[in-house]
file final-v5.csv (CSV, C-alpha atoms and all ligand atoms)
chain,number,residue,atom,x,y,z
P,1,MET,CA,107.9,172.6,81.6
P,2,THR,CA,104.5,171.7,80.3
P,3,ALA,CA,105.8,168.5,78.8
P,4,THR,CA,107.4,167.5,82.1
P,5,LEU,CA,104.1,168.1,83.8
P,6,ILE,CA,102.3,166.0,81.3
P,7,TRP,CA,104.8,163.1,81.8
P,8,ILE,CA,104.4,163.3,85.5
P,9,LEU,CA,100.6,163.1,85.1
P,10,VAL,CA,100.9,160.1,82.7
P,11,VAL,CA,103.2,158.3,85.1
P,12,LEU,CA,100.9,159.0,88.0
P,13,ALA,CA,97.9,157.8,86.0
P,14,ALA,CA,99.8,154.6,85.1
P,15,ILE,CA,100.7,154.0,88.7
P,16,GLY,CA,97.0,154.6,89.7
P,17,LEU,CA,95.8,152.1,87.1
P,18,TYR,CA,98.4,149.5,88.2
P,19,LEU,CA,97.4,149.9,91.9
P,20,SER,CA,93.7,149.6,91.1
P,21,TRP,CA,94.3,146.5,88.9
P,22,THR,CA,96.4,144.9,91.7
P,23,ALA,CA,93.7,145.7,94.3
P,24,GLY,CA,91.2,144.0,92.1
P,25,ARG,CA,93.3,140.9,91.8
P,26,LEU,CA,93.9,140.9,95.6
P,27,ASP,CA,90.1,141.2,96.2
P,28,ARG,CA,89.5,138.2,93.8
P,29,LEU,CA,92.2,136.2,95.6
P,30,HIS,CA,90.7,136.9,99.0
P,31,ALA,CA,87.3,135.9,97.7
P,32,ARG,CA,88.7,132.6,96.5
P,33,ILE,CA,90.5,132.0,99.8
P,34,ASP,CA,87.3,132.8,101.7
P,35,ALA,CA,85.3,130.4,99.5
P,36,ALA,CA,87.9,127.6,100.0
P,37,ARG,CA,87.8,128.1,103.7
P,38,ALA,CA,84.0,128.0,103.8
P,39,ALA,CA,84.1,124.8,101.7
P,40,LEU,CA,86.6,123.3,104.2
P,41,ASP,CA,84.4,124.4,107.2
P,42,ALA,CA,81.4,122.9,105.5
P,43,GLN,CA,83.3,119.6,104.9
P,44,LEU,CA,84.4,119.6,108.6
P,45,LEU,CA,80.8,120.0,109.7
P,46,ARG,CA,79.6,117.3,107.4
P,47,ARG,CA,82.3,114.9,108.7
P,48,ALA,CA,81.4,115.9,112.3
P,49,SER,CA,77.7,115.1,111.6
P,50,VAL,CA,78.6,111.7,110.1
P,51,ALA,CA,80.9,111.0,113.0
P,52,GLN,CA,78.2,111.9,115.5
P,53,GLU,CA,75.8,109.5,113.7
P,54,LEU,CA,78.3,106.8,113.9
P,55,ALA,CA,79.1,107.5,117.6
P,56,THR,CA,75.4,107.1,118.5
P,57,SER,CA,74.5,104.3,116.2
P,58,GLN,CA,75.4,101.6,118.8
P,59,VAL,CA,77.5,99.6,116.3
P,60,LEU,CA,80.7,100.7,118.1
P,61,ASP,CA,82.0,99.8,121.5
P,62,PRO,CA,81.2,102.4,124.2
P,63,ALA,CA,84.8,103.7,124.7
P,64,ALA,CA,85.2,104.3,120.9
P,65,SER,CA,81.8,105.9,120.8
P,66,ILE,CA,82.7,108.4,123.5
P,67,VAL,CA,86.1,109.3,121.9
P,68,LEU,CA,84.3,109.8,118.5
P,69,TYR,CA,81.4,111.7,120.0
P,70,GLU,CA,83.7,114.1,121.8
P,71,ALA,CA,85.9,114.8,118.7
P,72,ALA,CA,82.8,115.4,116.6
P,73,HIS,CA,81.3,117.7,119.2
P,74,ALA,CA,84.6,119.7,119.5
P,75,ALA,CA,84.7,119.9,115.7
P,76,ARG,CA,81.3,121.4,115.6
P,77,GLN,CA,82.1,123.9,118.3
P,78,ALA,CA,85.6,124.9,117.1
P,79,GLU,CA,86.3,128.6,116.6
P,80,GLU,CA,87.9,129.5,113.3
P,81,GLU,CA,91.5,129.3,114.6
P,82,GLN,CA,91.0,125.9,116.2
P,83,ARG,CA,89.4,124.2,113.2
P,84,GLU,CA,92.6,122.6,111.9
P,85,VAL,CA,93.3,121.0,115.3
P,86,ALA,CA,89.6,119.9,115.5
P,87,GLU,CA,89.9,118.4,112.0
P,88,SER,CA,93.0,116.4,112.9
P,89,ASP,CA,91.5,115.2,116.2
P,90,LEU,CA,88.4,114.0,114.4
P,91,SER,CA,90.5,112.1,111.8
P,92,GLN,CA,92.4,110.4,114.7
P,93,ALA,CA,89.1,109.5,116.4
P,94,LEU,CA,87.7,108.0,113.2
P,95,ARG,CA,90.8,105.9,112.8
P,96,ALA,CA,90.5,104.7,116.4
P,97,VAL,CA,86.9,103.8,115.9
P,98,PHE,CA,87.4,101.8,112.7
P,99,ALA,CA,90.0,99.7,114.4
P,100,ASP,CA,87.2,97.8,116.0
P,101,PRO,CA,87.6,94.1,115.4
P,102,GLU,CA,83.9,93.4,115.7
P,103,LEU,CA,83.4,95.2,112.4
P,104,THR,CA,85.5,92.5,110.7
P,105,LEU,CA,83.6,89.5,112.1
P,106,ASP,CA,81.6,89.0,108.9
P,107,LEU,CA,84.6,89.1,106.5
P,108,PRO,CA,84.6,85.9,104.6
P,109,PRO,CA,87.7,83.6,105.0
P,110,ASN,CA,89.3,84.4,101.6
P,111,VAL,CA,89.1,88.2,102.3
P,112,THR,CA,90.4,87.6,105.8
P,113,ALA,CA,93.3,85.6,104.4
P,114,ALA,CA,94.1,88.2,101.7
P,115,THR,CA,93.9,91.3,103.9
P,116,GLY,CA,95.9,89.5,106.6
P,117,MET,CA,98.6,88.7,104.1
P,118,ASP,CA,98.7,92.3,103.2
P,119,ALA,CA,99.2,93.3,106.8
P,120,LEU,CA,101.9,90.6,107.2
P,121,THR,CA,103.6,91.9,104.0
P,122,HIS,CA,103.6,95.5,105.3
P,123,ASN,CA,105.4,94.4,108.5
P,124,VAL,CA,107.9,92.1,106.7
P,125,GLU,CA,108.7,94.6,103.9
P,126,SER,CA,109.0,97.6,106.2
P,127,TYR,CA,111.3,95.6,108.5
P,128,LEU,CA,113.5,94.6,105.5
P,129,SER,CA,113.6,98.2,104.2
P,130,PRO,CA,117.1,99.6,104.6
P,131,ALA,CA,115.8,103.0,105.8
P,132,TYR,CA,117.1,103.8,109.3
P,133,HIS,CA,114.2,103.7,111.8
P,134,PRO,CA,114.8,101.4,114.8
P,135,LEU,CA,111.4,102.3,116.4
P,136,CYS,CA,109.6,101.1,113.2
P,137,ASP,CA,111.7,98.0,113.1
P,138,GLY,CA,110.5,97.1,116.6
P,139,ILE,CA,106.9,97.7,115.6
P,140,ALA,CA,107.3,95.7,112.3
P,141,LEU,CA,108.8,92.7,114.1
P,142,GLU,CA,106.0,92.6,116.7
P,143,GLY,CA,103.4,93.2,114.0
P,144,ALA,CA,104.8,90.2,112.1
P,145,ARG,CA,104.8,88.1,115.2
P,146,ILE,CA,101.2,88.9,116.0
P,147,ALA,CA,100.1,88.1,112.4
P,148,ALA,CA,102.1,84.8,112.5
P,149,HIS,CA,100.2,83.7,115.6
P,150,SER,CA,96.7,84.9,114.6
P,151,LEU,CA,96.2,84.9,110.9
P,152,GLU,CA,95.5,81.2,110.5
P,153,ARG,CA,93.2,81.3,113.5
P,154,ALA,CA,91.2,84.3,112.1
P,155,VAL,CA,90.8,82.5,108.8
P,156,ARG,CA,89.7,79.1,110.3
P,157,ALA,CA,87.5,80.6,113.0
P,158,PRO,CA,86.0,83.8,111.6
P,159,LYS,CA,84.2,84.6,114.9
P,160,ASP,CA,87.4,84.4,117.0
P,161,ILE,CA,87.4,88.0,118.3
P,162,ALA,CA,90.9,87.7,119.9
P,163,ALA,CA,92.3,86.6,116.5
P,164,ARG,CA,90.5,89.4,114.7
P,165,SER,CA,91.7,91.9,117.3
P,166,ASP,CA,95.3,90.7,116.8
P,167,MET,CA,95.1,91.0,113.1
P,168,MET,CA,93.7,94.5,113.3
P,169,MET,CA,96.6,95.5,115.6
P,170,SER,CA,99.1,93.8,113.2
P,171,SER,CA,97.5,95.7,110.4
P,172,MET,CA,97.9,99.0,112.2
P,173,MET,CA,101.4,98.2,113.2
P,174,GLY,CA,102.3,97.5,109.6
P,175,ALA,CA,100.8,100.8,108.6
P,176,ILE,CA,102.9,102.6,111.2
P,177,ALA,CA,106.1,100.7,110.3
P,178,PHE,CA,105.8,101.4,106.6
P,179,GLN,CA,106.9,105.0,107.0
P,180,LYS,CA,110.2,103.1,106.2
P,181,ASP,CA,108.6,102.2,102.9
P,182,LEU,CA,107.9,98.8,101.5
P,183,GLY,CA,109.6,96.6,98.9
P,184,ALA,CA,109.3,94.6,95.7
P,185,VAL,CA,106.3,92.5,96.8
P,186,HIS,CA,104.3,95.7,96.8
P,187,SER,CA,105.6,96.7,93.4
P,188,CYS,CA,104.5,93.4,92.0
P,189,ALA,CA,101.1,93.7,93.7
P,190,HIS,CA,100.6,97.2,92.3
P,191,ALA,CA,101.3,95.8,88.8
P,192,LEU,CA,99.0,92.8,89.3
P,193,GLY,CA,96.2,95.2,90.5
P,194,THR,CA,96.7,97.3,87.4
P,195,VAL,CA,97.1,94.6,84.7
P,196,ASN,CA,95.0,91.8,86.1
P,197,ASP,CA,92.7,93.6,88.4
P,198,MET,CA,93.9,91.4,91.3
P,199,HIS,CA,92.9,92.1,94.9
P,200,HIS,CA,95.8,93.9,96.5
P,201,GLY,CA,96.1,91.6,99.5
P,202,LEU,CA,95.8,88.5,97.4
P,203,ALA,CA,98.5,89.8,95.1
P,204,ASN,CA,100.8,90.4,98.0
P,205,GLY,CA,99.9,87.0,99.5
P,206,ILE,CA,100.8,85.2,96.2
P,207,MET,CA,104.0,87.1,95.6
P,208,ILE,CA,105.5,87.3,99.1
P,209,ASP,CA,107.5,84.0,99.2
P,210,HIS,CA,108.6,84.4,95.6
P,211,VAL,CA,110.1,87.8,96.3
P,212,MET,CA,111.6,86.7,99.7
P,213,ARG,CA,113.3,83.9,97.8
P,214,PHE,CA,114.9,86.6,95.6
P,215,ASN,CA,115.8,88.5,98.8
P,216,LEU,CA,117.4,85.6,100.6
P,217,ASP,CA,121.1,86.4,100.3
P,218,ALA,CA,120.6,90.2,100.6
P,219,ALA,CA,118.6,90.1,103.8
P,220,GLU,CA,119.7,86.9,105.5
P,221,LYS,CA,120.0,88.2,109.0
P,222,LYS,CA,116.7,90.1,109.0
P,223,LEU,CA,114.8,87.2,107.4
P,224,ALA,CA,116.3,84.8,110.1
P,225,GLU,CA,115.1,87.3,112.7
P,226,LEU,CA,111.6,87.3,111.2
P,227,ALA,CA,111.7,83.4,111.2
P,228,ARG,CA,112.5,83.5,114.9
P,229,VAL,CA,109.7,85.9,115.9
P,230,CYS,CA,107.2,84.1,113.7
P,231,GLY,CA,108.0,80.7,115.3
P,232,ALA,CA,109.2,79.6,111.9
P,233,GLY,CA,112.7,78.3,112.7
P,234,SER,CA,115.9,80.3,112.8
P,235,THR,CA,117.1,80.8,109.2
P,236,ALA,CA,116.2,83.0,106.3
P,237,GLN,CA,115.3,79.9,104.2
P,238,SER,CA,113.0,78.6,107.0
P,239,PHE,CA,111.1,81.9,107.0
P,240,VAL,CA,110.5,81.6,103.2
P,241,ASP,CA,109.4,78.0,103.6
P,242,TRP,CA,107.0,79.0,106.4
P,243,LEU,CA,105.5,81.7,104.2
P,244,THR,CA,104.8,79.1,101.5
P,245,GLY,CA,103.2,76.7,104.1
P,246,LEU,CA,101.1,79.5,105.6
P,247,LYS,CA,99.8,80.4,102.1
P,248,ALA,CA,98.7,76.8,101.6
P,249,ARG,CA,97.0,76.6,105.0
P,250,ILE,CA,94.9,79.8,104.6
P,251,GLY,CA,93.9,79.2,100.9
P,252,ILE,CA,96.2,81.7,99.2
P,253,PRO,CA,97.2,80.3,95.8
P,254,ALA,CA,100.9,79.2,95.5
P,255,LYS,CA,101.2,80.8,92.0
P,256,LEU,CA,99.7,83.5,89.9
P,257,GLY,CA,98.6,81.1,87.2
P,258,GLU,CA,95.8,79.9,89.5
P,259,ARG,CA,94.3,83.4,89.3
P,260,GLY,CA,94.5,83.7,85.5
P,261,VAL,CA,97.8,85.5,85.1
P,262,LYS,CA,99.5,84.4,81.9
P,263,LYS,CA,103.0,84.6,80.4
P,264,GLU,CA,101.8,87.3,77.9
P,265,HIS,CA,101.0,89.6,80.9
P,266,ILE,CA,104.6,89.6,82.1
P,267,ALA,CA,105.9,92.4,79.9
P,268,LYS,CA,103.3,94.8,81.1
P,269,LEU,CA,103.6,93.6,84.7
P,270,VAL,CA,107.4,94.3,84.6
P,271,GLU,CA,106.9,97.7,83.1
P,272,ILE,CA,104.5,98.8,85.9
P,273,ALA,CA,106.5,97.2,88.7
P,274,VAL,CA,109.7,98.9,87.6
P,275,ALA,CA,108.0,102.3,87.5
P,276,ASP,CA,106.5,101.7,91.0
P,277,THR,CA,108.5,103.3,93.8
P,278,CYS,CA,108.1,100.6,96.5
P,279,HIS,CA,111.0,98.5,95.3
P,280,GLN,CA,113.5,101.3,95.8
P,281,THR,CA,113.6,100.2,99.5
P,282,ASN,CA,113.7,96.5,98.7
P,283,PRO,CA,116.8,95.0,100.4
P,284,ARG,CA,118.1,93.8,97.1
P,285,PRO,CA,118.0,96.1,94.0
P,286,VAL,CA,115.5,94.9,91.5
P,287,SER,CA,116.0,95.4,87.7
P,288,ALA,CA,113.5,94.9,85.0
P,289,ALA,CA,115.2,91.5,84.2
P,290,ASP,CA,114.8,90.6,87.9
P,291,PHE,CA,111.1,91.4,87.9
P,292,GLU,CA,110.8,89.3,84.7
P,293,ARG,CA,112.4,86.4,86.5
P,294,ILE,CA,110.3,86.9,89.7
P,295,PHE,CA,107.0,87.0,87.8
P,296,GLY,CA,108.1,84.1,85.6
P,297,ALA,CA,108.8,81.9,88.6
P,298,ALA,CA,105.6,83.0,90.3
P,299,ILE,CA,103.3,82.1,87.3
R,301,ZN,ZN,99.7,96.6,101.0
call {"tool": "encode", "arguments": {"input": "final-v5.csv", "output": "structure tokens"}}
result
Amino acid sequence: MTATLIWILVVLAAIGLYLSWTAGRLDRLHARIDAARAALDAQLLRRASVAQELATSQVLDPAASIVLYEAAHAARQAEEEQREVAESDLSQALRAVFADPELTLDLPPNVTAATGMDALTHNVESYLSPAYHPLCDGIALEGARIAAHSLERAVRAPKDIAARSDMMMSSMMGAIAFQKDLGAVHSCAHALGTVNDMHHGLANGIMIDHVMRFNLDAAEKKLAELARVCGAGSTAQSFVDWLTGLKARIGIPAKLGERGVKKEHIAKLVEIAVADTCHQTNPRPVSAADFERIFGAAI
């Protein structure tokens, strides 16, 4: 009888110990959640402050300033349960503001050419991606059309605000369209950025026609459609030829060798390109041997 009582007491004491230990852990967990939430709130306030400074700095156009100012104000005022929405609205407003073409007027021609080729590549590669997304296909085609009609102008006449505006839209459209993912041009560019520290847009600009030549048979219809919207003829081959001509006209080197890439870099470039995920949505599967041939031809 006494022994049973002792056992019951021991078990009760053990349960008590376990409960107090669990309560301690829960307290510490709550403290950490509160600290994380406070850090996020502080970050939101900091972003709201910076956004308000930007909105009132007079470097933005009036409409963008109002949108940004209101989002920043709402973020500052948001009650706890509305803060996630306020954060997302502020992010959207910041994106809207930075799509201001006037901010790009001072970009030098070589950076305009390289970033413009990146935007064009986003539109082209996302259109060629086999992922099913007709809405993005429409956006990508229009984004490519706009770049085709404005990139050269933006490079030759840096103060042409209409051309700058077009390129900014083409860039945004490419960024929307590439929810379909990209292709092998970007895998090559990521490798060139890693191994040769090459500017991302320049790397895409140099590689695009070399990779499209590789894609010719696998994406004949889509490349022909790109040729049509870009005013580059009506066949897949004419689109690739147009890309080569565009590069020459805007000062993008035809080959990698012109930017210091050498044969001895190829093995490392191939290794990184193969490991990159972008080429998984290339219209034609790309093996290590294919990448070796593509880089070899582009050097
Ligand atoms: Zn890119």
call {"tool": "residues_near_ligand", "arguments": {"input": "final-v5.csv", "ligand": "ligand ZN 301 (chain R)", "cutoff": "10 Å", "atoms": "only C-alpha atoms and all ligand atoms", "output": "PyMOL selection string"}}
result
chain P and resi 115-123+125+171+174-175+178+182+185-187+189-190+200-205
call {"tool": "closest_residue", "arguments": {"input": "final-v5.csv", "among": "P:Lys268, P:Arg47, P:Lys180, P:Arg153", "to": "P:Arg249", "atoms": "only C-alpha atoms"}}
result
P:Arg153
call {"tool": "residues_near_point", "arguments": {"input": "final-v5.csv", "point": "(116.5, 92.0, 88.1)", "cutoff": "12 Å", "atoms": "only C-alpha atoms", "output": "number ranges by chain"}}
result
P: 184, 211, 214-215, 270, 273-274, 279, 282, 284-296
call {"tool": "residues_near_point", "arguments": {"input": "final-v5.csv", "point": "(89.8, 108.1, 115.5)", "cutoff": "9 Å", "atoms": "only C-alpha atoms", "output": "PyMOL selection string"}}
result
chain P and resi 64+67-68+71+89-99
call {"tool": "write_last_selection", "arguments": {"input": "final-v5.csv", "atoms": "C-alpha atoms", "output": "compact mmCIF listing (two decimals), in the coordinates of the input"}}
result
# COMPACT_ATOMS: atom_id res chain seq x y z
CA ALA P 64 85.20 104.30 120.90
CA VAL P 67 86.10 109.30 121.90
CA LEU P 68 84.30 109.80 118.50
CA ALA P 71 85.90 114.80 118.70
CA ASP P 89 91.50 115.20 116.20
CA LEU P 90 88.40 114.00 114.40
CA SER P 91 90.50 112.10 111.80
CA GLN P 92 92.40 110.40 114.70
CA ALA P 93 89.10 109.50 116.40
CA LEU P 94 87.70 108.00 113.20
CA ARG P 95 90.80 105.90 112.80
CA ALA P 96 90.50 104.70 116.40
CA VAL P 97 86.90 103.80 115.90
CA PHE P 98 87.40 101.80 112.70
CA ALA P 99 90.00 99.70 114.40
call {"tool": "closest_residue", "arguments": {"input": "final-v5.csv", "among": "P:Ile161, P:Leu12, P:Ala114, P:Leu44", "to": "P:Pro101", "atoms": "all atoms listed in the file"}}
result
P:Ile161
call {"tool": "closest_residue", "arguments": {"input": "final-v5.csv", "among": "P:Gly233, P:Gly193, P:Pro158, P:Pro134", "to": "P:Leu269", "atoms": "only C-alpha atoms"}}
result
P:Gly193
call {"tool": "atom_distance", "arguments": {"input": "final-v5.csv", "atom1": "atom CA of P:Lys159", "atom2": "atom CA of P:Ile146"}}
result
17.6 Å
call {"tool": "closest_residue", "arguments": {"input": "final-v5.csv", "among": "P:Val124, P:Ala248, P:Ala163, P:Ala219", "to": "P:Glu142", "atoms": "all atoms listed in the file"}}
result
P:Val124
call {"tool": "atom_distance", "arguments": {"input": "final-v5.csv", "atom1": "atom CA of P:Glu258", "atom2": "atom CA of P:Met207"}}
result
12.5 Å
call {"tool": "residues_around", "arguments": {"input": "final-v5.csv", "residues": "P:His73", "least_positions_apart": "2", "cutoff": "10 Å", "atoms": "all atoms listed in the file", "output": "list in words"}}
result
Leu45, Ala48, Ser49, Ala51, Gln52, Leu68, Tyr69, Glu70, Ala71, Ala75, Arg76, Gln77, Ala78, Ala86 and Leu90 of chain P
call {"tool": "residues_around", "arguments": {"input": "final-v5.csv", "residues": "P:Arg228", "least_positions_apart": "4", "cutoff": "12 Å", "atoms": "all atoms listed in the file", "output": "VMD selection string"}}
result
chain P and resid 141 to 142 144 to 145 148 221 to 224 232 to 239 242
call {"tool": "closest_residue", "arguments": {"input": "final-v5.csv", "among": "P:Gly260, P:Gly245, P:Gly231, P:Pro130", "to": "P:Asp209", "atoms": "all atoms listed in the file"}}
result
P:Gly245
call {"tool": "decode", "arguments": {"input": "final-v5.csv", "residues": "stretch 103-114 of chain P", "atoms": "N, CA and C atoms", "output": "compact mmCIF listing (two decimals), in the first residue's frame"}}
result
# COMPACT_ATOMS: atom_id res chain seq x y z
N LEU P 103 14.97 57.16 -64.50
CA LEU P 103 16.09 56.72 -63.68
C LEU P 103 17.16 56.01 -64.51
N THR P 104 16.84 55.64 -65.76
CA THR P 104 17.82 54.91 -66.58
C THR P 104 18.51 55.81 -67.61
N LEU P 105 18.14 57.11 -67.63
CA LEU P 105 18.67 58.00 -68.68
C LEU P 105 20.20 58.10 -68.67
N ASP P 106 20.81 57.93 -67.52
CA ASP P 106 22.27 58.09 -67.44
C ASP P 106 23.04 56.78 -67.62
N LEU P 107 22.31 55.70 -67.88
CA LEU P 107 23.03 54.43 -68.09
C LEU P 107 23.89 54.54 -69.35
N PRO P 108 25.16 54.18 -69.28
CA PRO P 108 25.99 54.26 -70.49
C PRO P 108 25.53 53.22 -71.54
N PRO P 109 25.85 53.46 -72.82
CA PRO P 109 25.36 52.58 -73.89
C PRO P 109 25.70 51.11 -73.71
N ASN P 110 26.91 50.80 -73.21
CA ASN P 110 27.25 49.36 -73.08
C ASN P 110 26.39 48.67 -72.02
N VAL P 111 26.04 49.40 -70.94
CA VAL P 111 25.18 48.80 -69.91
C VAL P 111 23.74 48.72 -70.42
N THR P 112 23.32 49.74 -71.18
CA THR P 112 21.98 49.70 -71.79
C THR P 112 21.86 48.49 -72.72
N ALA P 113 22.92 48.26 -73.51
CA ALA P 113 22.90 47.13 -74.45
C ALA P 113 22.85 45.81 -73.70
N ALA P 114 23.70 45.69 -72.67
CA ALA P 114 23.78 44.41 -71.95
C ALA P 114 22.50 44.11 -71.18
